[in-house]
There are 4 protein chains.
Amino acid sequence: MLQFEGNVRTDLALEASEQLTRKNQSNIDGLAIETIEDEDVIITRVDITTKDAAERMGKAEGRYVTVEALGLRYKNTELERKVMNYLTKELANILQLPEQATILVVGLGNWNITPDALGPRAVDKVVVTRHLKEILSPELKDEVREVCAISPGVLGITGMETAEIIQGIVQKIKPDVVIAVDALAAASSQRVTTTIQIANTGITPGSGVENKRFGLTQETLNTPVIAIGVPTVVQASTIALDTLNVMQENAFFARYLKSMASISDQDKRAMIDQIIPETLGDLMVTPKEVDRLIEDMALIVAGGINQALHPNIDYKNIHLYLN
Amino acid sequence: MLQFEGNVRTDLALEASEQLTRKNQSNIDGLAIETIEDEDVIITRVDITTKDAAERMGKAEGRYVTVEALGLRYKNTELERKVMNYLTKELANILQLPEQATILVVGLGNWNITPDALGPRAVDKVVVTRHLKEILSPELKDEVREVCAISPGVLGITGMETAEIIQGIVQKIKPDVVIAVDALAAASSQRVTTTIQIANTGITPGSGVENKRFGLTQETLNTPVIAIGVPTVVQASTIALDTLNVMQENAFFARYLKSMASISDQDKRAMIDQIIPETLGDLMVTPKEVDRLIEDMALIVAGGINQALHPNIDYKNIHLYLN
Amino acid sequence: MLQFEGNVRTDLALEASEQLTRKNQSNIDGLAIETIEDEDVIITRVDITTKDAAERMGKAEGRYVTVEALGLRYKNTELERKVMNYLTKELANILQLPEQATILVVGLGNWNITPDALGPRAVDKVVVTRHLKEILSPELKDEVREVCAISPGVLGITGMETAEIIQGIVQKIKPDVVIAVDALAAASSQRVTTTIQIANTGITPGSGVENKRFGLTQETLNTPVIAIGVPTVVQASTIALDTLNVMQENAFFARYLKSMASISDQDKRAMIDQIIPETLGDLMVTPKEVDRLIEDMALIVAGGINQALHPNIDYKNIHLYLN
Amino acid sequence: MLQFEGNVRTDLALEASEQLTRKNQSNIDGLAIETIEDEDVIITRVDITTKDAAERMGKAEGRYVTVEALGLRYKNTELERKVMNYLTKELANILQLPEQATILVVGLGNWNITPDALGPRAVDKVVVTRHLKEILSPELKDEVREVCAISPGVLGITGMETAEIIQGIVQKIKPDVVIAVDALAAASSQRVTTTIQIANTGITPGSGVENKRFGLTQETLNTPVIAIGVPTVVQASTIALDTLNVMQENAFFARYLKSMASISDQDKRAMIDQIIPETLGDLMVTPKEVDRLIEDMALIVAGGINQALHPNIDYKNIHLYLN
């Protein structure tokens with residue numbers, strides 16, 4: 001398992017590349033990373049273009065864009081708006097939609113588990129328009145694309161794989177693109193509810209807070225799938241592993257260790273099992289204010305989707321589209 | 001419109017037949033009514049077997065069973081259990097399922113509008129098992145049918161007709177039967193949250209709190225559809241119309257009227273328009289404790305479905321099936 | 001009982017005066033009514049200054065200001081802002097607060113019953129500052145009054161009269177004024193969630209959706225009490241009574257009646273009892289979208305309170321006061 | 001700070017004593033520990049009877065009883081009932097209430113932060129009876145004590161210290177005892193939502209998920225205060241510290257360390273600061289299913305309180321007391 005080759009679980013391509021850098025393995029053919037910064041937002045575009053790079057990263061080939069703003073941890077309306085606008089731009093770039101298009105937005109995750117509820121809560125706030133085409137005035141009609149949306153619920157709630165449900169709906173509705181919104185696991189607690197990842201790879205099995213066992217991809221849906229994810233948890237074992245890594249990698253702390261030789265992965269695993277017994281199930285690390293932070297991020301993600309899909313809507317008259 | 005031929009809007013076949021009785025028109029070929037009572041529950045089975053009877057009733061041909069218990073208005077755990085058991089029996093009768101079967105349970109209605117949320121809240125409490133077939137022990141596996149469930153949300157939330165979504169899923173999952181749970185409008189305020197209707201006709205357009213514009217029937221889904229409905233509202237205009245009807249039909253009050261001749265339907269309509277202007281939108285009459293009553297009814301309906309679909313589950317060990 | 005002297009139950013002084021006008025009894029010493037209108041808002045100030053006027057109105061002596069905007073039934077952000085600003089101005093006028101003051105805002109009603117939850121939901125959105133006095137910078141500190149807030153819950157939830165709880169807290173905190181927010185019953189379905197009443201009389205027994213049995217007044221609290229109320233329901237019996245009144249008072253419909261003599265109050269009561277049996281408990285008429293409408297009104301009321309109490313806050317930096 | 005003398009933050013007296021044992025310091029005058037076990041529940045009674053013992057434990061003098069059942073992590077209705085019954089017995093012992101008594105139950109914590117909401121959610125389910133004394137039949141009346149209940153909300157919501165609010169109410173209601181229910185922080189992730197602590201010390205400053213800055217004690221309220229707490233979080237820094245402690249204390253892992261000499265507390269603090277920067281605010285470790293687990297524990301706690309306060313209620317007729 002990748003996870004215990006000294007690495008910690010992450011759904012962010014950015015963090016996967018940081019882990020390679022830490023081991024001086026980031027100079028890989030087929031891995032390109034571009035970073036743009038301003039005073040409070042960092043945008044990183046990771047392109048994985050070869051099978052080898054994909055394997056080393058533990059991520060599917062494709063483009064991953066992250067918009068990070070550590071300041072989102074604190075209530076800050078102006079920064080929220082700024083991040084929303086960056087998200088809009090990056091999402092529009094990756095979507096490359098024609099003026100007329102039908103888009104299905106899917107909210108993944110379990111609405112009964114707060115840190116897994118990001119998808120459903122964001123989708124709640126997406127402006128759906130597909131049913132309005134017949135009743136909107138001609139001027140309004142030309143301003144909006146046909147957007148529809150659903151949060152199907154997780155396997156334990158429906159008894160159906162999310163992929164089955166979405167396949168059924170896609171075959172009926174025939175959207176030009178599917179946008180899937182999901183909560184993710186990060187390696188770093190700093191990125192929890194402060195980072196948004198857009199990927200043109202869709203959703204791959206094993207990702208997300210609940211470790212999805214299905215995929216939502218071009219292959220499974222016969223339709224392009226853009227994934228938007230926000231890390232909402234760090235696994236508790238990540239904190240334990242981080243502690244050992246910090247000890248080993250920091251010269252100051254390393255003086256406590258008998259030799260510079262590293263602690264074996266097997267022993268790391270054994271220590272972690274003693275601290276966080278598997279019988280406890282998944283323990284997650286989240287900020288105390290996770291309920292509010294997820295609501296805020298759901299608003300930002302939905303706002304970005306709305307602006308990218310309907311660039312011509314006058315959002316002061318948004319109520320004309322709502323019912 | 002049926003509604004103002006002196007009649008009031010109702011989704012219950014039982015009430016449609018009562019309105020015919022009131023006008024001495026209930027003696028119709030193709031309409032059979034059977035009633036069973038005990039001290040606190042009344043079960044009525046209405047069979048509509050001809051096109052003519054269907055038209056006069058304003059209901060599709062088929063069987064409609066109501067389980068009524070006025071006492072449900074007050075918290076009464078024993079009565080709730082009793083009604084749940086009657087519902088189980090009537091539902092099992094109408095379903096006639098083989099031992100091995102796949103069932104899709106659909107919760108209709110808008111979870112953001114309390115009186116329309118009965119369907120989604122009941123479906124939340126249905127025991128889904130389809131995904132457990134591979135992991136249950138052989139003994140448990142044979143005890144349960146394959147149940148899956150979804151509450152798709154309403155048109156204004158998804159931008160898709162509920163019928164489109166369910167058609168897509170049905171084509172993928174291929175259930176043997178669909179059970180659709182919905183909130184209804186009643187003619188009598190006494191029946192609100194005290195009555196459950198089972199119908200083998202599916203859901204017909206124009207029914208429900210939100211006046212659905214789609215149908216979920218054998219015709220639209222190529223699968224038998226059993227509808228379970230609970231009245232949660234009376235339209236406010238029903239109260240006004242009732243007032244005029246009581247005045248006219250009760251000899252004591254009728255002495256106020258100039259002649260025994262009835263008030264014309266047109267004038268009734270005009271009076272009601274003055275009291276409840278159409279510009280106000282739908283006004284609904286509900287009990288003050290509607291939030292609690294709908295939660296209670298959702299539990300009864302889900303309990304009835306669970307027991308009818310999984311007669312062999314030991315409900316003390318129900319947690320084995322839940323996650 | 002006032003209620004069946006041909007009148008219907010209302011908590012609005014404006015409607016009480018309209019009922020007197022209907023019977024040509026509004027020309028009373030000690031009753032003064034002033035109306036200001038613009039294209040979509042009507043402000044009415046009712047002053048009751050004598051005991052006789054109070055008795056005829058069925059309302060305590062004092063000033064009652066209503067801000068009405070029928071357009072609030074539809075989502076309209078600009079109208080909401082306008083009503084909020086009118087509310088701010090009228091509330092500031094009636095409060096006449098010094099620069100330094102401590103205010104206790106109380107949310108009355110049952111948060112488990114949607115139409116009774118207006119008070120708690122508005123109070124949720126009030127900016128509380130009393131605990132910040134020590135930590136705010138001197139500039140910010142001088143900009144805000146000391147506001148604290150509580151929604152104590154109803155008798156059935158706490159086992160304590162709301163008046164007991166508030167008396168205990170008032171004796172401890174010693175506020176200069178108490179503002180009590182409550183959901184009301186209206187006589188007219190048009191005013192439901194479209195009207196706000198401010199009264200300097202406090203809360204009198206018998207008012208509100210749940211017919212409070214306690215008072216929150218200058219007398220019971222030894223502190224001035226300003227009441228802010230929003231009608232969220234009409235009692236179902238009001239619709240029935242309205243039907244009879246419309247029939248009787250409208251010459252066109254009255255031709256159905258044997259003589260112009262009115263239907264006796266006793267017979268009206270008997271008819272209504274037949275339509276809405278007392279055993280059913282309180283039935284309420286509400287708009288179908290009551291959940292959303294109450295959320296919207298809670299925002300308007302809280303916004304009005306916030307602006308009236310903290311006129312100097314820059315609401316773009318509101319997050320400085322929130323945690 | 002106690003917290004980094006190699007110890008981790010805990011609100012459980014049981015865990016404080018375990019930390020002393022780990023350092024071979026548990027043999028203290030004035031500290032008595034008694035343990036009772038069956039196959040799935042452990043009851044521990046910790047008595048702190050001297051000032052010195054209190055200081056070493058970091059806990060106030062008094063009695064602390066914990067009821068632990070690791071199996072509560074999984075849905076198990078029978079175990080829940082068993083724990084509820086143990087809680088009832090231990091609580092009744094510590095309360096020693098006369099037949100006639102007035103009890104105020106207080107739910108502490110912030111209902112908007114799931115892991116801090118245990119108190120308010122449990123109090124929601126407590127059977128309040130104080131307001132029924134006048135209306136219950138004489139037989140029922142003698143069966144129940146006068147119970148009232150409130151969840152006042154936290155400082156950031158009300159602008160008032162919880163202690164101020166409860167002091168005001170206690171002076172008005174004059175209860176014989178206050179029961180305060182709160183969410184706690186544990187040192188061990190195994191105890192999260194699987195352990196209940198009863199303490200006759202009341203609530204002390206610094207305890208709870210949100211580190212309360214007030215006390216609710218005999219001293220502050222002039223009334224005995226019994227605290228019931230359930231750990232719902234472990235601080236993320238505890239996981240990091242645990243990792244270092246496991247490494248140091250387990251001979252097998254210790255072979256990686258240069259000498260058996262321990263890592264200095266200062267260096268432990270420095271490592272943890274690098275892993276979990278203070279700027280991130282409080283990170284908490286919770287089980288993924290925290291929403292459901294807290295609901296389950298709220299039911300157990302409320303059930304224990306109800307049975308301890310009203311031993312004579314026939315819980316099949318509980319609806320007679322509810323409204």
# chains A, B, ... in the order shown; residues from 1 in each chain; ligands from 1
>>> interface_residues(of="chain B", to="chain C", cutoff="6 Å", atoms="only C-alpha atoms", output="list in words")
Ala240, Thr243, Tyr256, Leu257, Lys258, Leu283, Met284, Val285, Thr286, Pro287 and Lys288 of chain B
>>> write_last_selection(atoms="C-alpha atoms", output="short mmCIF file (atom, residue, chain, number, x, y, z; two decimals), in the first residue's frame")
data_model
loop_
_atom_site.label_atom_id
_atom_site.label_comp_id
_atom_site.auth_asym_id
_atom_site.auth_seq_id
_atom_site.Cartn_x
_atom_site.Cartn_y
_atom_site.Cartn_z
CA ALA B 240 -64.31 27.70 3.07
CA THR B 243 -68.51 26.00 5.52
CA TYR B 256 -80.80 31.04 7.16
CA LEU B 257 -80.88 30.47 3.43
CA LYS B 258 -83.50 32.10 1.28
CA LEU B 283 -52.59 28.03 1.60
CA MET B 284 -52.65 24.83 3.54
CA VAL B 285 -54.36 23.78 6.71
CA THR B 286 -52.20 21.65 8.98
CA PRO B 287 -52.20 20.75 12.65
CA LYS B 288 -49.91 22.95 14.72
#
>>> residues_around(residues="A:Asn306", least_positions_apart="2", cutoff="9 Å", atoms="only C-alpha atoms", output="JSON, numbers by chain")
{"A": [88, 125, 126, 127, 128, 301, 302, 303, 304, 308, 309, 310, 311, 313]}
>>> select_by_dssp(residues="stretch 158-276 of chain A", states="strand (DSSP E or B)", output="PyMOL selection string")
chain A and resi 177-186+195-199+203+216+225-235+257
>>> closest_residue(among="D:Met84, D:Ile157, D:Ile179, D:Val123", to="D:Thr102", atoms="only C-alpha atoms")
D:Ile179
>>> residues_around(residues="A:Val154", least_positions_apart="3", cutoff="8 Å", atoms="only C-alpha atoms", output="list of chain:residue names")
A:Leu108, A:Gly109, A:Asn110, A:Ile157, A:Thr158, A:Gly159, A:Met160, A:Glu161, A:Thr162
>>> write_last_selection(atoms="C-alpha atoms", output="PDB file, in the first residue's frame")
ATOM      1  CA  LEU A 108     -21.440  12.799  -3.512  1.00  0.00           C
ATOM      2  CA  GLY A 109     -21.227  11.784   0.133  1.00  0.00           C
ATOM      3  CA  ASN A 110     -23.404  11.132   3.147  1.00  0.00           C
ATOM      4  CA  ILE A 157     -28.586   4.779   2.461  1.00  0.00           C
ATOM      5  CA  THR A 158     -29.799   3.692  -0.992  1.00  0.00           C
ATOM      6  CA  GLY A 159     -28.598   0.102  -1.367  1.00  0.00           C
ATOM      7  CA  MET A 160     -27.397   1.157  -4.836  1.00  0.00           C
ATOM      8  CA  GLU A 161     -23.910   2.093  -5.973  1.00  0.00           C
ATOM      9  CA  THR A 162     -23.784   5.810  -6.750  1.00  0.00           C
TER      10      THR A 162
END
>>> atom_distance(atom1="atom CA of B:Thr66", atom2="atom CA of B:Val181")
14.0 Å
>>> residues_around(residues="D:Ala53", least_positions_apart="5", cutoff="12 Å", atoms="only C-alpha atoms", output="PyMOL selection string")
chain D and resi 13+16-17+20+25-32+46-48+58-62
>>> residues_around(residues="D:Gly119", least_positions_apart="4", cutoff="9 Å", atoms="only C-alpha atoms", output="number ranges by chain")
D: 106-111, 123-124, 151, 180-183, 228-230, 298
>>> select_by_dssp(residues="stretch 176-273 of chain C", states="helix (DSSP H, G or I)", output="PyMOL selection string")
chain C and resi 189-191+218-221+236-249+251-254+265-273
>>> atom_distance(atom1="atom CA of B:Ile33", atom2="atom CA of B:Arg45")
5.7 Å
>>> residues_around(residues="B:Val65", least_positions_apart="3", cutoff="10 Å", atoms="only C-alpha atoms", output="list in words")
Leu12, Ala13, Leu14, Ile33, Glu34, Thr35, Ile43, Thr44, Arg45, Val46, Asp47, Glu68, Leu87, Glu90, Leu91, Ile94, Ile196, Gln197, Ile198, Ala199, Asn200 and Ile228 of chain B
>>> atom_distance(atom1="atom CA of B:Phe214", atom2="atom CA of A:Ile165")
20.0 Å
>>> closest_residue(among="D:Ala149, D:Leu104, D:Pro120, D:Ile300", to="D:Thr223", atoms="only C-alpha atoms")
D:Leu104
